[in-house]
Each structure stands twice: as structure tokens, then as C-alpha cells.
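Enquirer: Structure: work_34.cif, mmCIF, C-alpha atoms, pLDDT in the B column; chains and numbers go by the auth columns.
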data_input
loop_
_atom_site.group_PDB
_atom_site.id
_atom_site.type_symbol
_atom_site.label_atom_id
_atom_site.label_comp_id
_atom_site.label_asym_id
_atom_site.label_seq_id
_atom_site.Cartn_x
_atom_site.Cartn_y
_atom_site.Cartn_z
_atom_site.B_iso_or_equiv
_atom_site.auth_seq_id
_atom_site.auth_asym_id
ATOM 1 C CA MET A 1 25.340 32.057 7.616 49.00 1 A
ATOM 2 C CA TYR A 2 25.968 29.181 5.203 50.00 2 A
ATOM 3 C CA LEU A 3 24.148 28.781 1.925 48.00 3 A
ATOM 4 C CA ILE A 4 23.627 25.256 0.676 52.00 4 A
ATOM 5 C CA THR A 5 24.193 25.290 -3.055 56.00 5 A
ATOM 6 C CA GLU A 6 23.942 21.540 -3.485 67.00 6 A
ATOM 7 C CA SER A 7 21.253 19.355 -1.997 84.00 7 A
ATOM 8 C CA PHE A 8 22.025 16.236 -0.001 91.00 8 A
ATOM 9 C CA TYR A 9 19.702 14.140 -2.151 95.00 9 A
ATOM 10 C CA MET A 10 18.959 13.768 -5.831 96.00 10 A
ATOM 11 C CA SER A 11 16.129 12.165 -7.712 96.00 11 A
ATOM 12 C CA VAL A 12 16.468 8.740 -9.284 97.00 12 A
ATOM 13 C CA LYS A 13 16.245 10.435 -12.681 97.00 13 A
ATOM 14 C CA GLU A 14 19.145 12.793 -11.878 95.00 14 A
ATOM 15 C CA ALA A 15 21.283 9.985 -10.480 96.00 15 A
ATOM 16 C CA SER A 16 20.624 7.694 -13.433 97.00 16 A
ATOM 17 C CA ARG A 17 21.567 10.456 -15.890 96.00 17 A
ATOM 18 C CA LEU A 18 24.716 11.200 -13.890 93.00 18 A
ATOM 19 C CA ILE A 19 26.089 7.683 -14.262 93.00 19 A
ATOM 20 C CA GLY A 20 24.409 6.757 -17.536 96.00 20 A
ATOM 21 C CA ILE A 21 22.082 3.940 -16.511 97.00 21 A
ATOM 22 C CA SER A 22 18.322 3.436 -16.648 97.00 22 A
ATOM 23 C CA GLU A 23 16.101 4.652 -13.838 97.00 23 A
ATOM 24 C CA LYS A 24 15.068 1.073 -13.039 97.00 24 A
ATOM 25 C CA THR A 25 18.706 0.010 -12.735 97.00 25 A
ATOM 26 C CA MET A 26 19.394 3.061 -10.564 97.00 26 A
ATOM 27 C CA ARG A 27 16.533 2.143 -8.240 96.00 27 A
ATOM 28 C CA ASN A 28 17.883 -1.393 -7.921 97.00 28 A
ATOM 29 C CA LEU A 29 21.443 -0.173 -7.357 97.00 29 A
ATOM 30 C CA ALA A 30 20.324 2.352 -4.744 97.00 30 A
ATOM 31 C CA TYR A 31 18.480 -0.394 -2.889 96.00 31 A
ATOM 32 C CA GLU A 32 21.473 -2.767 -3.030 97.00 32 A
ATOM 33 C CA LEU A 33 23.899 -0.070 -1.866 96.00 33 A
ATOM 34 C CA ASN A 34 21.488 1.247 0.773 96.00 34 A
ATOM 35 C CA ILE A 35 21.840 4.814 -0.495 97.00 35 A
ATOM 36 C CA GLN A 36 18.161 5.550 -0.954 96.00 36 A
ATOM 37 C CA VAL A 37 15.719 7.471 1.177 94.00 37 A
ATOM 38 C CA ARG A 38 11.987 7.059 0.752 94.00 38 A
ATOM 39 C CA ILE A 39 9.735 10.027 1.402 91.00 39 A
ATOM 40 C CA GLY A 40 6.222 8.853 0.793 94.00 40 A
ATOM 41 C CA LYS A 41 6.309 7.339 -2.676 92.00 41 A
ATOM 42 C CA ARG A 42 9.405 9.286 -3.725 94.00 42 A
ATOM 43 C CA VAL A 43 12.785 7.605 -3.771 94.00 43 A
ATOM 44 C CA LEU A 44 15.746 9.941 -3.357 96.00 44 A
ATOM 45 C CA ILE A 45 19.422 9.069 -3.659 97.00 45 A
ATOM 46 C CA HIS A 46 21.966 10.251 -1.093 96.00 46 A
ATOM 47 C CA ARG A 47 24.365 12.308 -3.221 94.00 47 A
ATOM 48 C CA LYS A 48 27.562 11.890 -1.164 94.00 48 A
ATOM 49 C CA LYS A 49 27.105 8.125 -0.785 96.00 49 A
ATOM 50 C CA LEU A 50 26.613 7.769 -4.537 95.00 50 A
ATOM 51 C CA GLU A 51 29.714 9.874 -5.217 93.00 51 A
ATOM 52 C CA LYS A 52 31.704 7.767 -2.752 94.00 52 A
ATOM 53 C CA TRP A 53 30.578 4.565 -4.520 94.00 53 A
ATOM 54 C CA ILE A 54 31.498 6.034 -7.928 92.00 54 A
ATOM 55 C CA ASP A 55 34.962 6.978 -6.622 93.00 55 A
ATOM 56 C CA ALA A 56 35.465 3.449 -5.274 93.00 56 A
ATOM 57 C CA GLN A 57 34.462 1.980 -8.643 90.00 57 A
ATOM 58 C CA THR A 58 36.879 4.179 -10.558 88.00 58 A
ATOM 59 C CA ARG A 59 39.759 3.219 -8.242 86.00 59 A
ATOM 60 C CA LEU A 60 39.103 -0.461 -8.901 73.00 60 A
ATOM 61 C CA HIS A 61 39.443 -0.091 -12.669 67.00 61 A
#
Can you give me the file's structure in the form of C-alpha cells?
Expert:
Amino acid sequence: MYLITESFYMSVKEASRLIGISEKTMRNLAYELNIQVRIGKRVLIHRKKLEKWIDAQTRLH
């Protein structure tokens, strides 16, 4: 049996704190990058896709 210690999704608040931007900017970025999932009114960010984007950004600079 496997235990999942890390969820596949994170809140906009968590994601914005992770990369140091406002929640509004995070929502816009998530929409532009197509890394968001809407569940009702909640917007969640796909963790692995965000990490992949961050890695790509750090390789460019």
C-alpha cells in the first residue's frame, strides 16, 4: 500500500506563497499556464505542473 504524503493540488494561497507573488497574480498565471483545476468555486493549482514551470524558469536565467 502506498501513502500519499503530498497532494496533487495546492490552493492558490499556498502556490502564491511558494513563489512569492500575490494571489491575484497567481490566479492569472495559473489560467495562462493552464495549470488550474476548478472544483465548484475553488481554484486549485496542479503542483507538479507548477514545479515544472518553476524549473523551466530557473533554467532560463
Enquirer: Kindly give the distance, in Å, that separates CA of Val43 in chain A and CA of Thr58 in chain A, rounded to a single decimal.
Expert: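 Interatomic distance here is 25.3 Å.
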Enquirer: How far is it from CA of Lys48 in chain A to CA of Gly20 in chain A, in Å with one decimal?
Expert: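 Taking CA of Lys48 in chain A as the start and CA of Gly20 in chain A as the end point, the length is 17.4 Å.
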Enquirer: Quick one: residues within 9 Å of Ser16 in chain A, only C-alpha atoms counted, chain neighbours fewer than 6 positions away excluded, as a count of residues only?
Expert: 6
Enquirer: I'd like to know which of A:Asp55, A:His46, A:Phe8, A:Ile19 is closest to Tyr31 in chain A, using only C-alpha atoms.
Expert: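 Of the candidates, the smallest distance to Tyr31 in chain A is held by A:His46.
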Enquirer: So what do you get for CA of Leu33 in chain A versus CA of Leu50 in chain A, distance-wise?
Expert: 8.7 Å
Enquirer: Restricting the calculation to only C-alpha atoms, which member of A:Leu60, A:Trp53, A:Ile21, A:Glu14 is positioned closest to Ile35 in chain A?
Expert: A:Trp53
Enquirer: Edge lengths and centre in Å to one decimal, as AutoDock Vina command-line options, of the axis-aligned box that encloses all listed atoms of range 25-43 of chain A with 4 Å added on every side?
Expert:
--center_x 15.1 --center_y 3.6 --center_z -5.7 --size_x 25.7 --size_y 20.8 --size_z 22.1
